[in-house]
file my_file-v2.txt (compact mmCIF, C-alpha atoms)
# COMPACT_ATOMS: atom_id res chain seq x y z
CA MET B 17 -3.56 -28.66 19.37
CA THR B 18 -7.21 -28.25 20.34
CA SER B 19 -9.40 -25.23 19.78
CA THR B 20 -9.75 -24.78 23.55
CA ASN B 21 -6.15 -23.61 23.94
CA THR B 22 -5.77 -20.04 25.12
CA LEU B 23 -3.55 -17.56 23.32
CA GLU B 24 -0.97 -17.99 26.09
CA ASP B 25 -1.07 -21.80 25.71
CA ASN B 26 -0.52 -21.53 21.97
CA ILE B 27 2.35 -19.08 22.38
CA LYS B 28 4.05 -21.50 24.80
CA MET B 29 3.65 -24.26 22.20
CA LEU B 30 5.30 -22.01 19.61
CA HIS B 31 8.61 -22.26 21.51
CA GLN B 32 9.08 -25.87 20.38
CA TYR B 33 9.58 -24.68 16.79
CA ILE B 34 12.39 -22.23 17.51
CA GLU B 35 15.75 -23.44 16.24
CA HIS B 36 19.01 -22.34 17.86
CA PHE B 37 22.14 -21.50 15.88
CA PRO B 38 25.30 -20.98 17.94
CA ASP B 39 27.86 -18.45 16.72
CA PHE B 40 25.51 -16.79 14.24
CA PRO B 41 25.90 -14.15 12.89
CA LYS B 42 29.21 -14.01 14.77
CA PRO B 43 31.03 -16.01 17.47
CA GLY B 44 29.46 -15.83 20.90
CA ILE B 45 25.91 -15.17 19.65
CA LEU B 46 23.18 -17.80 20.06
CA TYR B 47 20.70 -16.98 17.30
CA LYS B 48 17.13 -18.08 17.95
CA ASP B 49 15.31 -18.43 14.64
CA VAL B 50 11.60 -17.89 15.26
CA LEU B 51 10.86 -18.25 11.55
CA SER B 52 11.88 -21.90 11.72
CA VAL B 53 8.22 -22.40 12.65
CA LEU B 54 7.63 -22.18 8.89
CA ASN B 55 9.61 -25.41 8.39
CA HIS B 56 6.77 -27.40 9.98
CA GLY B 57 3.21 -27.71 8.69
CA ASP B 58 1.79 -27.93 12.20
CA GLY B 59 3.98 -24.98 13.22
CA ILE B 60 2.45 -22.88 10.45
CA GLN B 61 -1.02 -23.93 11.60
CA LEU B 62 -0.15 -22.97 15.17
CA LEU B 63 1.14 -19.56 14.09
CA GLU B 64 -2.02 -19.00 12.06
CA LYS B 65 -4.14 -19.95 15.08
CA ILE B 66 -2.21 -17.47 17.26
CA LEU B 67 -2.65 -14.71 14.70
CA LYS B 68 -6.38 -15.49 14.48
CA GLN B 69 -6.66 -15.22 18.28
CA ILE B 70 -4.84 -11.87 18.20
CA SER B 71 -7.14 -10.74 15.37
CA ASN B 72 -10.15 -11.47 17.56
CA HIS B 73 -8.81 -8.96 20.11
CA LEU B 74 -8.16 -6.36 17.38
CA ARG B 75 -11.51 -6.59 15.60
CA GLY B 76 -13.03 -3.13 15.23
CA LYS B 77 -9.91 -1.41 16.62
CA VAL B 78 -7.73 -1.26 13.51
CA ASP B 79 -8.34 -0.19 9.91
CA CYS B 80 -5.17 -1.48 8.31
CA ILE B 81 -2.14 -3.72 8.83
CA ALA B 82 1.31 -2.29 8.07
CA MET B 83 3.88 -5.00 7.48
CA LEU B 84 7.60 -4.34 7.64
CA GLU B 85 9.93 -5.77 5.03
CA THR B 86 10.56 -8.62 4.67
CA ARG B 87 9.51 -10.93 7.44
CA GLY B 88 6.56 -8.79 8.45
CA PHE B 89 5.26 -9.66 4.97
CA ILE B 90 4.62 -13.19 6.27
CA ILE B 91 2.57 -12.12 9.29
CA GLY B 92 0.67 -9.14 7.89
CA PRO B 93 -1.49 -10.85 5.26
CA ILE B 94 -2.69 -13.49 7.74
CA LEU B 95 -3.87 -10.82 10.18
CA SER B 96 -5.33 -8.84 7.30
CA LEU B 97 -7.38 -11.81 6.13
CA HIS B 98 -8.75 -12.51 9.61
CA LEU B 99 -9.66 -8.84 10.13
CA ASN B 100 -10.84 -8.15 6.57
CA VAL B 101 -8.73 -4.98 6.43
CA PRO B 102 -6.11 -3.83 3.92
CA CYS B 103 -2.46 -4.68 4.31
CA ILE B 104 0.29 -2.29 3.23
CA PRO B 105 4.02 -2.86 2.83
CA VAL B 106 6.61 -0.68 4.53
CA SER B 107 9.83 -1.29 2.69
CA LYS B 108 13.39 -0.14 2.14
CA LYS B 109 14.02 2.49 -0.53
CA GLY B 110 13.90 1.15 -4.07
CA ASN B 111 11.65 -1.83 -3.33
CA LEU B 112 8.19 -0.31 -3.87
CA PRO B 113 6.93 0.88 -7.27
CA GLY B 114 5.25 4.20 -7.94
CA PRO B 115 5.37 7.36 -5.89
CA VAL B 116 6.38 6.78 -2.26
CA ILE B 117 6.75 8.69 0.98
CA GLU B 118 10.26 8.29 2.45
CA LEU B 119 11.79 8.56 5.89
CA PRO B 120 15.54 8.25 6.51
CA TYR B 121 16.57 6.73 9.83
CA ILE B 122 19.69 5.69 11.69
CA LEU B 123 20.45 2.09 12.59
CA GLU B 124 23.02 0.80 15.03
CA TYR B 125 25.17 -0.11 12.01
CA GLY B 126 24.44 2.75 9.59
CA GLU B 127 21.58 4.53 7.87
CA ASP B 128 18.65 3.47 5.74
CA ILE B 129 15.43 4.81 4.24
CA LEU B 130 11.94 3.37 4.73
CA THR B 131 9.18 3.94 2.20
CA VAL B 132 5.44 3.47 1.89
CA GLN B 133 3.46 3.94 -1.29
CA LEU B 134 1.75 7.29 -1.63
CA ASN B 135 -2.00 7.03 -0.95
CA SER B 136 -1.73 3.56 0.63
CA ILE B 137 -2.65 5.07 4.00
CA ILE B 138 -5.86 7.04 4.43
CA LYS B 139 -5.63 10.03 6.76
CA GLY B 140 -6.68 9.03 10.28
CA GLN B 141 -6.47 5.29 9.64
CA LYS B 142 -5.75 3.22 12.75
CA ILE B 143 -2.76 1.04 11.89
CA PHE B 144 -1.53 -2.21 13.45
CA ILE B 145 2.16 -2.64 12.61
CA VAL B 146 3.90 -6.04 12.36
CA ASP B 147 7.50 -7.22 12.16
CA ASP B 148 9.35 -10.37 13.08
CA PHE B 149 11.90 -9.04 15.59
CA LEU B 150 12.28 -6.17 18.06
CA ALA B 151 15.84 -5.43 19.15
CA THR B 152 16.83 -1.77 19.55
CA GLY B 153 13.51 -0.52 18.17
CA GLY B 154 15.00 1.67 15.45
CA THR B 155 13.15 0.15 12.51
CA LEU B 156 9.75 0.01 14.25
CA GLU B 157 10.19 3.57 15.51
CA ALA B 158 11.05 4.79 12.00
CA ALA B 159 8.12 2.87 10.48
CA SER B 160 5.77 4.46 13.01
CA LYS B 161 7.07 7.94 12.14
CA LEU B 162 6.65 7.17 8.43
CA ILE B 163 3.07 6.03 8.97
CA LYS B 164 2.32 9.24 10.90
CA LYS B 165 3.93 11.27 8.09
CA ALA B 166 1.58 9.48 5.66
CA GLY B 167 -1.44 10.38 7.83
CA GLY B 168 -2.00 7.15 9.76
CA GLU B 169 -1.97 6.42 13.48
CA VAL B 170 -0.12 3.39 14.84
CA VAL B 171 -2.35 2.03 17.61
CA GLN B 172 -0.46 -1.17 18.38
CA GLY B 173 2.17 -3.54 17.06
CA LEU B 174 3.21 -7.17 17.00
CA VAL B 175 6.59 -8.88 16.80
CA LEU B 176 7.27 -12.57 16.83
CA MET B 177 10.33 -12.19 19.05
CA GLU B 178 11.75 -9.45 21.28
CA LYS B 179 15.27 -9.15 22.67
CA CYS B 180 14.28 -7.38 25.92
CA GLU B 181 17.79 -6.54 27.12
CA LEU B 182 18.22 -4.11 24.20
CA GLY B 183 15.30 -1.96 25.37
CA GLY B 184 13.73 -1.37 21.97
CA ARG B 185 10.22 -1.21 23.42
CA LYS B 186 11.15 2.05 25.21
CA ARG B 187 11.58 3.81 21.86
CA LEU B 188 8.04 3.04 20.76
CA ASP B 189 5.06 5.28 21.48
CA PHE B 190 2.55 2.47 20.98
CA PRO B 191 1.93 -0.82 22.80
CA ILE B 192 3.61 -3.89 21.34
CA ILE B 193 2.69 -7.56 21.57
CA SER B 194 5.68 -9.86 21.62
CA LEU B 195 5.01 -13.57 21.16
CA ILE B 196 8.41 -14.60 22.45
CA SER B 197 10.51 -12.45 24.77
CA GLU B 198 14.03 -13.19 25.90
call {"tool": "encode", "arguments": {"input": "my_file-v2.txt", "output": "structure tokens"}}
result
Amino acid sequence: MTSTNTLEDNIKMLHQYIEHFPDFPKPGILYKDVLSVLNHGDGIQLLEKILKQISNHLRGKVDCIAMLETRGFIIGPILSLHLNVPCIPVSKKGNLPGPVIELPYILEYGEDILTVQLNSIIKGQKIFIVDDFLATGGTLEAASKLIKKAGGEVVQGLVLMEKCELGGRKRLDFPIISLISE
């Protein structure tokens, strides 16, 4: 892994760290675990390099990183460090202390409530939102609405993996970077 690799080169290299689990979470599904990259020291270094390259493109364009529970919590702080901007958690109800702003939303399998701590977002802040996986887009769409309700503006997002056939990207009103699309 040399420093002359492009972002695209590094993303292609990331594929070697994805583990496949047949019949998970149910028979007939081939689960591709992008977070298995964390099982390898050089995989973690590669992911960090990719996030640094993405940060270079974002510099001066975002004021804050919003990270979605729980796997977005892995990606968000790395981007935040490279950009020297704050990082805020967006979490399920009951997981954040203090006063929060809430937004209920509907999932393909039920309902849930997302929260963000009151005063964690400054009015007009340009927010870059991160999560691990984009499927139907319900969670990212709800998080974006919550951020707007709190006064922020989602300018772009990042997911490690996207399941394109489910069309989640169509629900989003901001551009999304997907490291791995299937």
call {"tool": "residues_around", "arguments": {"input": "my_file-v2.txt", "residues": "Ala166 (chain B)", "least_positions_apart": "4", "cutoff": "9 Å", "atoms": "all atoms listed in the file", "output": "NGL selection string"}}
result
:B and (117 or 132 or 134-139 or 161-162)
call {"tool": "closest_residue", "arguments": {"input": "my_file-v2.txt", "among": "B:Leu54, B:Leu150, B:Ile104, B:Ile66", "to": "Ile192 (chain B)", "atoms": "all atoms listed in the file"}}
result
B:Leu150
call {"tool": "closest_residue", "arguments": {"input": "my_file-v2.txt", "among": "B:Leu123, B:Glu24, B:Leu99, B:Leu174", "to": "Gly76 (chain B)", "atoms": "only C-alpha atoms"}}
result
B:Leu99
call {"tool": "closest_residue", "arguments": {"input": "my_file-v2.txt", "among": "B:Leu67, B:Leu23, B:Leu130, B:Leu182", "to": "Leu112 (chain B)", "atoms": "all atoms listed in the file"}}
result
B:Leu130
call {"tool": "closest_residue", "arguments": {"input": "my_file-v2.txt", "among": "B:Asp49, B:Asp25, B:Glu124, B:Glu85", "to": "Gly184 (chain B)", "atoms": "only C-alpha atoms"}}
result
B:Glu124
call {"tool": "axis_aligned_box", "arguments": {"input": "my_file-v2.txt", "around": "region 65-83 of chain B", "padding_each_side": "8 Å", "output": "JSON"}}
result
{"center_x": -4.6, "center_y": -10.1, "center_z": 13.8, "size_x": 32.9, "size_y": 35.8, "size_z": 28.6}
call {"tool": "closest_residue", "arguments": {"input": "my_file-v2.txt", "among": "B:Leu95, B:Leu156, B:Met83, B:Val78", "to": "Leu63 (chain B)", "atoms": "all atoms listed in the file"}}
result
B:Leu95
call {"tool": "closest_residue", "arguments": {"input": "my_file-v2.txt", "among": "B:Val171, B:Ile129, B:Val101, B:Leu176", "to": "Val53 (chain B)", "atoms": "all atoms listed in the file"}}
result
B:Leu176
call {"tool": "residues_around", "arguments": {"input": "my_file-v2.txt", "residues": "Tyr125 (chain B)", "least_positions_apart": "4", "cutoff": "12 Å", "atoms": "only C-alpha atoms", "output": "VMD selection string"}}
result
chain B and resid 121 152 154
call {"tool": "residues_around", "arguments": {"input": "my_file-v2.txt", "residues": "Asn111 (chain B)", "least_positions_apart": "3", "cutoff": "9 Å", "atoms": "all atoms listed in the file", "output": "list in words"}}
result
Ser107, Lys108 and Thr131 of chain B
call {"tool": "write_last_selection", "arguments": {"input": "my_file-v2.txt", "atoms": "C-alpha atoms", "output": "CSV table (one decimal), in the coordinates of the input"}}
result
chain,number,residue,atom,x,y,z
B,107,SER,CA,9.8,-1.3,2.7
B,108,LYS,CA,13.4,-0.1,2.1
B,131,THR,CA,9.2,3.9,2.2
call {"tool": "residues_near_point", "arguments": {"input": "my_file-v2.txt", "point": "(-1.5, -2.2, 14.6)", "cutoff": "8 Å", "atoms": "only C-alpha atoms", "output": "PDB file with C-alpha atoms, in the coordinates of the input"}}
result
ATOM      1  CA  VAL B  78      -7.730  -1.260  13.510  1.00  0.00           C
ATOM      2  CA  CYS B  80      -5.170  -1.480   8.310  1.00  0.00           C
ATOM      3  CA  ILE B  81      -2.140  -3.720   8.830  1.00  0.00           C
ATOM      4  CA  ALA B  82       1.310  -2.290   8.070  1.00  0.00           C
ATOM      5  CA  LYS B 142      -5.750   3.220  12.750  1.00  0.00           C
ATOM      6  CA  ILE B 143      -2.760   1.040  11.890  1.00  0.00           C
ATOM      7  CA  PHE B 144      -1.530  -2.210  13.450  1.00  0.00           C
ATOM      8  CA  ILE B 145       2.160  -2.640  12.610  1.00  0.00           C
ATOM      9  CA  VAL B 146       3.900  -6.040  12.360  1.00  0.00           C
ATOM     10  CA  VAL B 170      -0.120   3.390  14.840  1.00  0.00           C
ATOM     11  CA  VAL B 171      -2.350   2.030  17.610  1.00  0.00           C
ATOM     12  CA  GLN B 172      -0.460  -1.170  18.380  1.00  0.00           C
ATOM     13  CA  GLY B 173       2.170  -3.540  17.060  1.00  0.00           C
ATOM     14  CA  LEU B 174       3.210  -7.170  17.000  1.00  0.00           C
TER      15      LEU B 174
END
call {"tool": "residues_near_point", "arguments": {"input": "my_file-v2.txt", "point": "(8.0, -20.0, 14.9)", "cutoff": "10 Å", "atoms": "all atoms listed in the file", "output": "list in words"}}
result
Ile27, Met29, Leu30, His31, Gln32, Tyr33, Ile34, Glu35, Lys48, Asp49, Val50, Leu51, Ser52, Val53, Leu54, Asn55, His56, Gly59, Ile60, Leu62, Leu63, Asp148, Leu176, Met177, Leu195 and Ile196 of chain B
call {"tool": "atom_distance", "arguments": {"input": "my_file-v2.txt", "atom1": "CA of Ser194 (chain B)", "atom2": "CA of Ala158 (chain B)"}}
result
18.3 Å
call {"tool": "atom_distance", "arguments": {"input": "my_file-v2.txt", "atom1": "CA of Asn72 (chain B)", "atom2": "CA of Arg187 (chain B)"}}
result
26.9 Å
call {"tool": "atom_distance", "arguments": {"input": "my_file-v2.txt", "atom1": "CA of Pro102 (chain B)", "atom2": "CA of Asp79 (chain B)"}}
result
7.4 Å
